[in-house]
file query.txt (compact mmCIF, C-alpha atoms)
# COMPACT_ATOMS: atom_id res chain seq x y z
CA MET H 39 -13.31 -26.85 5.19
CA LEU H 40 -10.71 -24.77 3.40
CA SER H 41 -7.32 -26.17 2.49
CA ALA H 42 -4.08 -24.24 2.86
CA GLU H 43 -4.25 -23.25 -0.81
CA ASP H 44 -7.84 -22.09 -0.36
CA TRP H 45 -6.89 -19.89 2.57
CA GLN H 46 -4.07 -18.50 0.46
CA ALA H 47 -6.57 -17.59 -2.26
CA VAL H 48 -8.88 -15.95 0.30
CA ALA H 49 -6.03 -13.94 1.82
CA LEU H 50 -4.83 -12.84 -1.62
CA SER H 51 -8.35 -11.83 -2.63
CA LEU H 52 -8.71 -9.67 0.48
CA GLN H 53 -5.30 -8.12 -0.16
CA VAL H 54 -6.15 -7.40 -3.79
CA ALA H 55 -9.56 -5.94 -2.91
CA MET H 56 -8.15 -3.69 -0.20
CA ALA H 57 -5.38 -2.46 -2.50
CA ALA H 58 -7.90 -1.81 -5.29
CA VAL H 59 -10.09 0.32 -3.01
CA ILE H 60 -7.18 2.26 -1.50
CA VAL H 61 -5.60 3.02 -4.88
CA SER H 62 -8.82 4.05 -6.62
CA PHE H 63 -10.43 5.98 -3.74
CA PRO H 64 -8.67 9.37 -4.15
CA LEU H 65 -9.42 9.52 -7.88
CA GLY H 66 -12.94 8.18 -7.34
CA LEU H 67 -13.70 10.79 -4.68
CA GLY H 68 -12.38 13.65 -6.78
CA LEU H 69 -14.14 12.52 -9.92
CA ALA H 70 -17.42 11.94 -8.09
CA TRP H 71 -17.30 15.48 -6.70
CA LEU H 72 -16.48 16.89 -10.13
CA LEU H 73 -19.40 15.09 -11.78
CA ALA H 74 -21.78 16.01 -8.96
CA ARG H 75 -20.94 19.68 -8.64
CA LYS H 76 -19.54 20.95 -11.94
CA ARG H 77 -20.70 21.45 -15.50
CA PHE H 78 -17.97 21.40 -18.11
CA PRO H 79 -17.50 20.55 -21.80
CA GLY H 80 -17.07 16.84 -22.31
CA LYS H 81 -18.83 15.85 -19.08
CA PHE H 82 -20.94 13.28 -20.91
CA ALA H 83 -17.80 11.76 -22.41
CA VAL H 84 -16.20 11.48 -18.96
CA GLU H 85 -19.35 9.83 -17.57
CA THR H 86 -19.33 7.39 -20.47
CA ILE H 87 -15.68 6.45 -19.98
CA VAL H 88 -16.19 5.93 -16.25
CA ALA H 89 -19.16 3.64 -16.87
CA LEU H 90 -17.49 1.61 -19.65
CA PRO H 91 -16.18 -1.20 -17.39
CA LEU H 92 -19.78 -1.93 -16.41
CA VAL H 93 -20.84 -2.66 -19.97
CA LEU H 94 -17.66 -3.90 -21.65
CA PRO H 95 -16.87 -7.62 -21.42
CA PRO H 96 -14.32 -7.99 -18.59
CA VAL H 97 -11.97 -9.81 -20.98
CA VAL H 98 -11.94 -6.74 -23.24
CA THR H 99 -11.13 -4.52 -20.26
CA GLY H 100 -8.34 -6.91 -19.30
CA TYR H 101 -6.97 -6.83 -22.85
CA LEU H 102 -6.90 -3.03 -22.86
CA LEU H 103 -5.07 -3.05 -19.52
CA LEU H 104 -2.62 -5.57 -20.94
CA VAL H 105 -1.94 -3.28 -23.89
CA LEU H 106 -1.37 -0.30 -21.59
CA PHE H 107 0.60 -1.96 -18.78
CA GLY H 108 2.42 -4.74 -20.66
CA GLY H 109 6.17 -4.72 -21.01
CA ASN H 110 5.91 -2.80 -24.28
CA GLY H 111 2.75 -0.90 -23.35
CA TRP H 112 2.53 2.85 -23.12
CA ILE H 113 2.47 2.88 -19.33
CA GLY H 114 4.14 -0.46 -18.60
CA HIS H 115 7.25 0.39 -20.60
CA TRP H 116 7.66 3.68 -18.69
CA LEU H 117 7.14 2.02 -15.30
CA ARG H 118 9.71 -0.66 -16.02
CA ARG H 119 12.29 1.69 -17.52
CA TRP H 120 12.16 4.53 -15.00
CA LEU H 121 10.86 2.93 -11.83
CA GLY H 122 11.77 -0.72 -12.29
CA VAL H 123 8.17 -1.74 -11.55
CA GLU H 124 6.60 -4.77 -13.19
CA ILE H 125 2.82 -4.95 -13.15
CA ILE H 126 1.84 -7.79 -15.48
CA PHE H 127 1.37 -11.26 -13.93
CA THR H 128 1.77 -10.05 -10.35
CA TRP H 129 -0.76 -9.45 -7.58
CA LYS H 130 -0.49 -5.74 -8.45
CA ALA H 131 -2.02 -6.55 -11.84
CA ALA H 132 -4.91 -8.29 -10.11
CA ALA H 133 -5.41 -5.21 -7.91
CA LEU H 134 -5.29 -2.96 -10.98
CA ALA H 135 -7.88 -5.03 -12.82
CA SER H 136 -10.13 -5.10 -9.75
CA ALA H 137 -9.79 -1.35 -9.26
CA VAL H 138 -10.77 -0.61 -12.85
CA MET H 139 -13.76 -2.96 -12.78
CA ALA H 140 -15.03 -1.64 -9.42
CA PHE H 141 -14.35 2.03 -10.13
CA PRO H 142 -17.76 2.83 -11.71
CA LEU H 143 -19.62 1.47 -8.66
CA MET H 144 -17.51 3.56 -6.31
CA VAL H 145 -17.93 6.76 -8.32
CA ARG H 146 -21.68 6.26 -8.75
CA SER H 147 -22.31 5.76 -5.04
CA ILE H 148 -20.10 8.65 -3.93
CA ARG H 149 -21.55 10.95 -6.58
CA SER H 150 -25.11 10.22 -5.42
CA ALA H 151 -24.12 10.94 -1.84
CA ILE H 152 -22.50 14.28 -2.74
CA GLU H 153 -25.53 15.31 -4.82
CA MET H 154 -27.69 14.84 -1.71
CA VAL H 155 -25.67 17.44 0.18
CA ASP H 156 -27.27 20.88 -0.15
CA PRO H 157 -24.85 23.13 -2.07
CA ARG H 158 -26.08 26.07 0.00
CA LEU H 159 -24.25 24.63 3.00
CA GLU H 160 -21.00 24.78 1.06
CA GLN H 161 -21.78 28.32 -0.09
CA ALA H 162 -22.44 29.36 3.51
CA ALA H 163 -19.08 27.95 4.56
CA ARG H 164 -17.40 29.84 1.73
CA THR H 165 -19.00 33.13 2.83
CA LEU H 166 -17.59 32.53 6.33
CA GLY H 167 -14.08 32.36 4.95
CA ALA H 168 -13.63 28.64 4.23
CA GLY H 169 -11.70 27.74 1.11
CA PRO H 170 -12.93 25.15 -1.41
CA LEU H 171 -10.97 22.32 0.22
CA ASP H 172 -12.02 23.39 3.72
CA ALA H 173 -15.68 23.43 2.68
CA PHE H 174 -15.36 20.03 1.09
CA PHE H 175 -13.62 18.33 4.03
CA THR H 176 -15.66 19.99 6.76
CA ILE H 177 -19.10 20.12 5.15
CA THR H 178 -19.51 17.94 2.08
CA LEU H 179 -17.47 14.89 3.01
CA PRO H 180 -18.86 14.44 6.55
CA LEU H 181 -22.45 14.74 5.30
CA ALA H 182 -21.78 12.32 2.42
CA ARG H 183 -19.74 9.86 4.50
CA ARG H 184 -22.34 7.08 4.41
CA GLY H 185 -22.42 7.08 0.63
CA VAL H 186 -18.64 7.29 0.47
CA VAL H 187 -18.24 4.26 2.73
CA ALA H 188 -20.97 2.42 0.84
CA GLY H 189 -19.13 3.06 -2.43
CA CYS H 190 -15.91 1.68 -0.97
CA VAL H 191 -17.73 -1.40 0.32
CA LEU H 192 -19.33 -2.03 -3.06
CA ALA H 193 -15.97 -1.62 -4.78
CA PHE H 194 -14.42 -4.05 -2.29
CA ALA H 195 -17.12 -6.65 -2.94
CA ARG H 196 -16.80 -6.23 -6.70
CA SER H 197 -13.04 -6.65 -6.44
CA ILE H 198 -13.44 -9.91 -4.54
CA GLY H 199 -15.44 -11.37 -7.44
CA GLU H 200 -13.37 -10.05 -10.35
CA PHE H 201 -12.36 -12.77 -12.82
CA GLY H 202 -12.27 -11.88 -16.53
CA ALA H 203 -9.98 -8.86 -16.50
CA THR H 204 -7.79 -10.42 -13.79
CA ILE H 205 -7.02 -13.58 -15.71
CA MET H 206 -6.05 -11.51 -18.75
CA ILE H 207 -3.58 -9.19 -17.03
CA ALA H 208 -2.49 -11.22 -14.00
CA GLY H 209 -2.83 -14.82 -15.12
CA ASN H 210 -3.69 -17.70 -12.81
CA ILE H 211 -0.50 -18.29 -10.82
CA PRO H 212 -0.92 -20.24 -7.56
CA GLY H 213 0.21 -18.19 -4.59
CA ASP H 214 0.82 -15.06 -6.66
CA THR H 215 -2.31 -14.10 -8.59
CA ARG H 216 -4.82 -16.91 -7.92
CA THR H 217 -7.70 -15.18 -6.17
CA ILE H 218 -10.96 -16.84 -5.08
CA PRO H 219 -12.66 -16.78 -8.53
CA LEU H 220 -9.52 -18.09 -10.23
CA ALA H 221 -9.12 -20.81 -7.60
CA ILE H 222 -12.72 -21.93 -8.10
CA TYR H 223 -12.21 -21.95 -11.86
CA SER H 224 -9.07 -24.04 -11.48
CA GLU H 225 -10.80 -26.53 -9.18
CA LEU H 226 -13.79 -26.95 -11.48
CA ASP H 227 -11.43 -27.60 -14.38
CA SER H 228 -10.07 -30.71 -12.66
CA PRO H 229 -11.74 -34.05 -11.74
CA GLY H 230 -13.57 -33.89 -8.43
CA GLY H 231 -13.11 -30.15 -8.29
CA ALA H 232 -16.79 -29.40 -7.65
CA GLU H 233 -16.56 -30.84 -4.15
CA ARG H 234 -13.19 -29.25 -3.38
CA SER H 235 -14.40 -25.81 -4.45
CA THR H 236 -17.40 -25.80 -2.10
CA GLY H 237 -15.51 -24.08 0.71
CA LEU H 238 -14.33 -21.29 -1.58
CA VAL H 239 -17.84 -20.82 -2.96
CA VAL H 240 -19.24 -20.49 0.57
CA ALA H 241 -16.46 -18.08 1.56
CA SER H 242 -17.11 -15.96 -1.53
CA ILE H 243 -20.85 -15.83 -0.83
CA ALA H 244 -20.25 -14.92 2.82
CA ILE H 245 -17.94 -12.04 1.93
CA ALA H 246 -20.35 -10.74 -0.72
CA VAL H 247 -23.39 -10.96 1.59
CA LEU H 248 -21.55 -9.16 4.39
CA ALA H 249 -20.48 -6.39 2.03
CA MET H 250 -24.00 -5.96 0.66
CA VAL H 251 -25.50 -5.88 4.17
CA VAL H 252 -23.09 -3.13 5.20
CA SER H 253 -23.72 -1.17 1.99
CA GLU H 254 -27.51 -1.49 2.32
CA ALA H 255 -27.42 -0.40 5.96
CA LEU H 256 -25.41 2.67 5.05
CA ASN H 257 -27.73 3.53 2.15
CA ARG H 258 -30.82 3.19 4.33
CA GLY H 259 -29.29 5.48 6.91
CA ARG H 260 -28.51 8.02 4.20
CA ASP H 261 -32.07 7.83 2.80
CA SER H 262 -33.64 8.22 6.23
CA ARG H 263 -31.49 11.28 6.89
CA LYS H 264 -32.60 12.77 3.57
CA ILE H 265 -36.29 12.17 4.41
CA ALA H 266 -35.84 13.78 7.83
CA ALA H 267 -34.14 16.80 6.25
CA ASN H 268 -36.96 17.19 3.72
CA ARG H 269 -39.57 17.03 6.47
CA SER H 270 -37.81 19.66 8.57
CA SER H 271 -37.42 21.98 5.57
CA ASN H 272 -41.11 21.59 4.65
CA ALA H 273 -42.12 22.28 8.23

call {"tool": "encode", "arguments": {"input": "query.txt", "output": "structure tokens"}}
result
Amino acid sequence: MLSAEDWQAVALSLQVAMAAVIVSFPLGLGLAWLLARKRFPGKFAVETIVALPLVLPPVVTGYLLLVLFGGNGWIGHWLRRWLGVEIIFTWKAAALASAVMAFPLMVRSIRSAIEMVDPRLEQAARTLGAGPLDAFFTITLPLARRGVVAGCVLAFARSIGEFGATIMIAGNIPGDTRTIPLAIYSELDSPGGAERSTGLVVASIAIAVLAMVVSEALNRGRDSRKIAANRSSNA
């Protein structure tokens, strides 16, 4: 059974994960297309920067975000002065941390899906008068939709489980920034917390399993479509 505080942590985690996916999706889609379709100087450096959150300790990523978005940070100072927006130690900070940590998974999945789309289809659309954006939204994106959705699902699942960067930039404030991982950590840090945290552990596993099942189903559908396309082309 989940207590009222546990349900609050679950609801906040879902809110943070959804916000992280929505905020990072436009940039992730554009960057995935750029890496899949274009060659340009510094491409390796861009790929390295995108993949850094996967290999850096999450606490280090959280520290870098704190330096950038803190009250005296390069970005945080500008946001507070000109827009009156505070990021640090709010649920927005948790969403930011989750978005950064999940971004490489989203870009990798979407990039793989776009690379599976035959560029000749885009070229054919261009010869028929379609512009670059028209070709992308009418040809590339529909054919890569399974990988795009799978990338969003993976990013959502990763955001649900984010801990290290979140606690650095958002803290562990009940009702404001305490997501499922932070709530479990807080419970385990108190006497008898192992039993009280069982419901949150089960909820976290259920959400992660559901997300992975959806992602795997989408990837299998994409792979089967690729095999069928290869067979028809060979025939």

call {"tool": "closest_residue", "arguments": {"input": "query.txt", "among": "H:Ile87, H:Val252, H:Pro180, H:Leu52", "to": "Gly199 in chain H", "atoms": "all atoms listed in the file"}}
result
H:Leu52

call {"tool": "closest_residue", "arguments": {"input": "query.txt", "among": "H:Leu92, H:Ala42, H:Met250, H:Val59", "to": "Cys190 in chain H", "atoms": "all atoms listed in the file"}}
result
H:Val59

call {"tool": "residues_around", "arguments": {"input": "query.txt", "residues": "Gly68 in chain H", "least_positions_apart": "3", "cutoff": "12 Å", "atoms": "only C-alpha atoms", "output": "list in words"}}
result
Ser62, Phe63, Pro64, Leu65, Trp71, Leu72, Leu73, Ala74, Arg75, Lys76, Met144, Val145, Ile148, Arg149, Ile152, Leu171, Phe174, Phe175, Leu179 and Val186 of chain H

call {"tool": "write_last_selection", "arguments": {"input": "query.txt", "atoms": "C-alpha atoms", "output": "mmCIF file, in the frame of the given file"}}
result
data_model
loop_
_atom_site.group_PDB
_atom_site.id
_atom_site.type_symbol
_atom_site.label_atom_id
_atom_site.label_comp_id
_atom_site.auth_asym_id
_atom_site.auth_seq_id
_atom_site.Cartn_x
_atom_site.Cartn_y
_atom_site.Cartn_z
ATOM 1 C CA SER H 62 -8.820 4.050 -6.620
ATOM 2 C CA PHE H 63 -10.430 5.980 -3.740
ATOM 3 C CA PRO H 64 -8.670 9.370 -4.150
ATOM 4 C CA LEU H 65 -9.420 9.520 -7.880
ATOM 5 C CA TRP H 71 -17.300 15.480 -6.700
ATOM 6 C CA LEU H 72 -16.480 16.890 -10.130
ATOM 7 C CA LEU H 73 -19.400 15.090 -11.780
ATOM 8 C CA ALA H 74 -21.780 16.010 -8.960
ATOM 9 C CA ARG H 75 -20.940 19.680 -8.640
ATOM 10 C CA LYS H 76 -19.540 20.950 -11.940
ATOM 11 C CA MET H 144 -17.510 3.560 -6.310
ATOM 12 C CA VAL H 145 -17.930 6.760 -8.320
ATOM 13 C CA ILE H 148 -20.100 8.650 -3.930
ATOM 14 C CA ARG H 149 -21.550 10.950 -6.580
ATOM 15 C CA ILE H 152 -22.500 14.280 -2.740
ATOM 16 C CA LEU H 171 -10.970 22.320 0.220
ATOM 17 C CA PHE H 174 -15.360 20.030 1.090
ATOM 18 C CA PHE H 175 -13.620 18.330 4.030
ATOM 19 C CA LEU H 179 -17.470 14.890 3.010
ATOM 20 C CA VAL H 186 -18.640 7.290 0.470
#

call {"tool": "residues_around", "arguments": {"input": "query.txt", "residues": "Asn210 in chain H", "least_positions_apart": "3", "cutoff": "12 Å", "atoms": "all atoms listed in the file", "output": "compact mmCIF listing (two decimals) with C-alpha atoms, keeping the file's coordinate frame"}}
result
# COMPACT_ATOMS: atom_id res chain seq x y z
CA ALA H 47 -6.57 -17.59 -2.26
CA ILE H 126 1.84 -7.79 -15.48
CA PHE H 127 1.37 -11.26 -13.93
CA THR H 128 1.77 -10.05 -10.35
CA TRP H 129 -0.76 -9.45 -7.58
CA ALA H 131 -2.02 -6.55 -11.84
CA ALA H 132 -4.91 -8.29 -10.11
CA PHE H 201 -12.36 -12.77 -12.82
CA GLY H 202 -12.27 -11.88 -16.53
CA ALA H 203 -9.98 -8.86 -16.50
CA THR H 204 -7.79 -10.42 -13.79
CA ILE H 205 -7.02 -13.58 -15.71
CA MET H 206 -6.05 -11.51 -18.75
CA ILE H 207 -3.58 -9.19 -17.03
CA GLY H 213 0.21 -18.19 -4.59
CA ASP H 214 0.82 -15.06 -6.66
CA THR H 215 -2.31 -14.10 -8.59
CA ARG H 216 -4.82 -16.91 -7.92
CA THR H 217 -7.70 -15.18 -6.17
CA ILE H 218 -10.96 -16.84 -5.08
CA PRO H 219 -12.66 -16.78 -8.53
CA LEU H 220 -9.52 -18.09 -10.23
CA ALA H 221 -9.12 -20.81 -7.60
CA ILE H 222 -12.72 -21.93 -8.10
CA TYR H 223 -12.21 -21.95 -11.86
CA SER H 224 -9.07 -24.04 -11.48
CA GLU H 225 -10.80 -26.53 -9.18

call {"tool": "atom_distance", "arguments": {"input": "query.txt", "atom1": "CA of Leu67 in chain H", "atom2": "CA of Val191 in chain H"}}
result
13.8 Å

call {"tool": "closest_atom_pairs", "arguments": {"input": "query.txt", "of": "range 43-127 of chain H", "to": "range 192-196 of chain H", "cutoff": "8 Å", "atoms": "only C-alpha atoms", "output": "tab-separated table"}}
result
residue	atom	partner	partner_atom	distance
H:Ala55	CA	H:Phe194	CA	5.3
H:Met56	CA	H:Phe194	CA	6.6
H:Ala58	CA	H:Phe194	CA	7.5
H:Val59	CA	H:Phe194	CA	6.2

call {"tool": "closest_residue", "arguments": {"input": "query.txt", "among": "H:Leu181, H:Ala208, H:Val54, H:Leu166", "to": "Ile125 in chain H", "atoms": "only C-alpha atoms"}}
result
H:Ala208

call {"tool": "residues_around", "arguments": {"input": "query.txt", "residues": "Val138 in chain H", "least_positions_apart": "2", "cutoff": "9 Å", "atoms": "all atoms listed in the file", "output": "list in words"}}
result
Ala58, Ser62, Pro91, Thr99, Ala133, Leu134, Ala135, Ser136, Ala140, Phe141 and Pro142 of chain H

call {"tool": "atom_distance", "arguments": {"input": "query.txt", "atom1": "CA of Glu200 in chain H", "atom2": "CA of Ala246 in chain H"}}
result
11.9 Å

call {"tool": "atom_distance", "arguments": {"input": "query.txt", "atom1": "CA of Thr236 in chain H", "atom2": "CA of Met39 in chain H"}}
result
8.4 Å

call {"tool": "decode", "arguments": {"input": "query.txt", "residues": "range 125-206 of chain H", "atoms": "C-alpha atoms", "output": "tab-separated table (two decimals), in the first residue's frame"}}
result
chain	number	residue	atom	x	y	z
H	125	ILE	CA	15.14	26.78	-11.38
H	126	ILE	CA	17.23	25.52	-8.47
H	127	PHE	CA	15.43	23.51	-5.75
H	128	THR	CA	12.12	23.36	-7.61
H	129	TRP	CA	10.43	20.58	-9.55
H	130	LYS	CA	11.68	22.32	-12.71
H	131	ALA	CA	15.23	21.53	-11.58
H	132	ALA	CA	14.29	17.87	-11.20
H	133	ALA	CA	12.82	17.91	-14.73
H	134	LEU	CA	15.98	19.58	-16.05
H	135	ALA	CA	18.24	16.99	-14.43
H	136	SER	CA	16.08	14.16	-15.74
H	137	ALA	CA	16.04	15.63	-19.24
H	138	VAL	CA	19.83	15.91	-19.35
H	139	MET	CA	20.38	12.38	-18.03
H	140	ALA	CA	17.82	10.83	-20.41
H	141	PHE	CA	18.80	12.89	-23.47
H	142	PRO	CA	21.47	10.48	-24.81
H	143	LEU	CA	19.02	7.55	-24.80
H	144	MET	CA	16.44	9.57	-26.70
H	145	VAL	CA	18.91	10.80	-29.30
H	146	ARG	CA	20.45	7.35	-29.80
H	147	SER	CA	17.10	5.66	-30.41
H	148	ILE	CA	15.77	8.36	-32.73
H	149	ARG	CA	19.04	8.52	-34.64
H	150	SER	CA	18.99	4.76	-35.25
H	151	ALA	CA	15.42	4.98	-36.50
H	152	ILE	CA	16.22	7.81	-38.92
H	153	GLU	CA	19.28	5.96	-40.24
H	154	MET	CA	16.99	3.05	-41.16
H	155	VAL	CA	14.94	5.29	-43.45
H	156	ASP	CA	16.25	5.10	-47.03
H	157	PRO	CA	17.60	8.55	-47.96
H	158	ARG	CA	16.47	7.92	-51.54
H	159	LEU	CA	12.88	8.31	-50.40
H	160	GLU	CA	13.68	11.79	-49.14
H	161	GLN	CA	15.50	12.60	-52.38
H	162	ALA	CA	12.49	11.43	-54.39
H	163	ALA	CA	10.23	13.72	-52.38
H	164	ARG	CA	12.61	16.61	-52.98
H	165	THR	CA	12.57	16.01	-56.75
H	166	LEU	CA	8.74	16.18	-56.63
H	167	GLY	CA	8.89	19.65	-55.14
H	168	ALA	CA	8.89	18.97	-51.40
H	169	GLY	CA	11.07	21.20	-49.26
H	170	PRO	CA	13.46	19.85	-46.61
H	171	LEU	CA	10.91	20.23	-43.81
H	172	ASP	CA	8.12	18.75	-45.93
H	173	ALA	CA	10.26	15.72	-46.77
H	174	PHE	CA	11.16	15.26	-43.14
H	175	PHE	CA	7.62	15.49	-41.76
H	176	THR	CA	5.94	13.52	-44.54
H	177	ILE	CA	8.57	10.86	-45.25
H	178	THR	CA	11.27	10.53	-42.61
H	179	LEU	CA	9.31	11.09	-39.43
H	180	PRO	CA	6.38	8.78	-40.25
H	181	LEU	CA	8.73	5.95	-41.25
H	182	ALA	CA	10.88	6.47	-38.12
H	183	ARG	CA	7.93	6.94	-35.76
H	184	ARG	CA	8.44	3.66	-33.89
H	185	GLY	CA	12.01	4.55	-33.01
H	186	VAL	CA	10.98	8.09	-32.10
H	187	VAL	CA	8.30	6.83	-29.71
H	188	ALA	CA	10.69	4.22	-28.32
H	189	GLY	CA	13.26	6.94	-27.62
H	190	CYS	CA	10.67	9.00	-25.77
H	191	VAL	CA	9.59	5.97	-23.73
H	192	LEU	CA	13.19	5.17	-22.79
H	193	ALA	CA	13.78	8.79	-21.81
H	194	PHE	CA	10.60	8.73	-19.71
H	195	ALA	CA	11.71	5.55	-17.91
H	196	ARG	CA	15.19	6.96	-17.31
H	197	SER	CA	13.68	10.15	-15.91
H	198	ILE	CA	11.57	8.17	-13.45
H	199	GLY	CA	14.71	6.61	-11.97
H	200	GLU	CA	16.96	9.68	-11.91
H	201	PHE	CA	18.57	10.30	-8.51
H	202	GLY	CA	22.15	11.63	-8.44
H	203	ALA	CA	21.81	14.74	-10.59
H	204	THR	CA	18.36	15.48	-9.17
H	205	ILE	CA	19.45	15.59	-5.55
H	206	MET	CA	22.29	17.95	-6.48
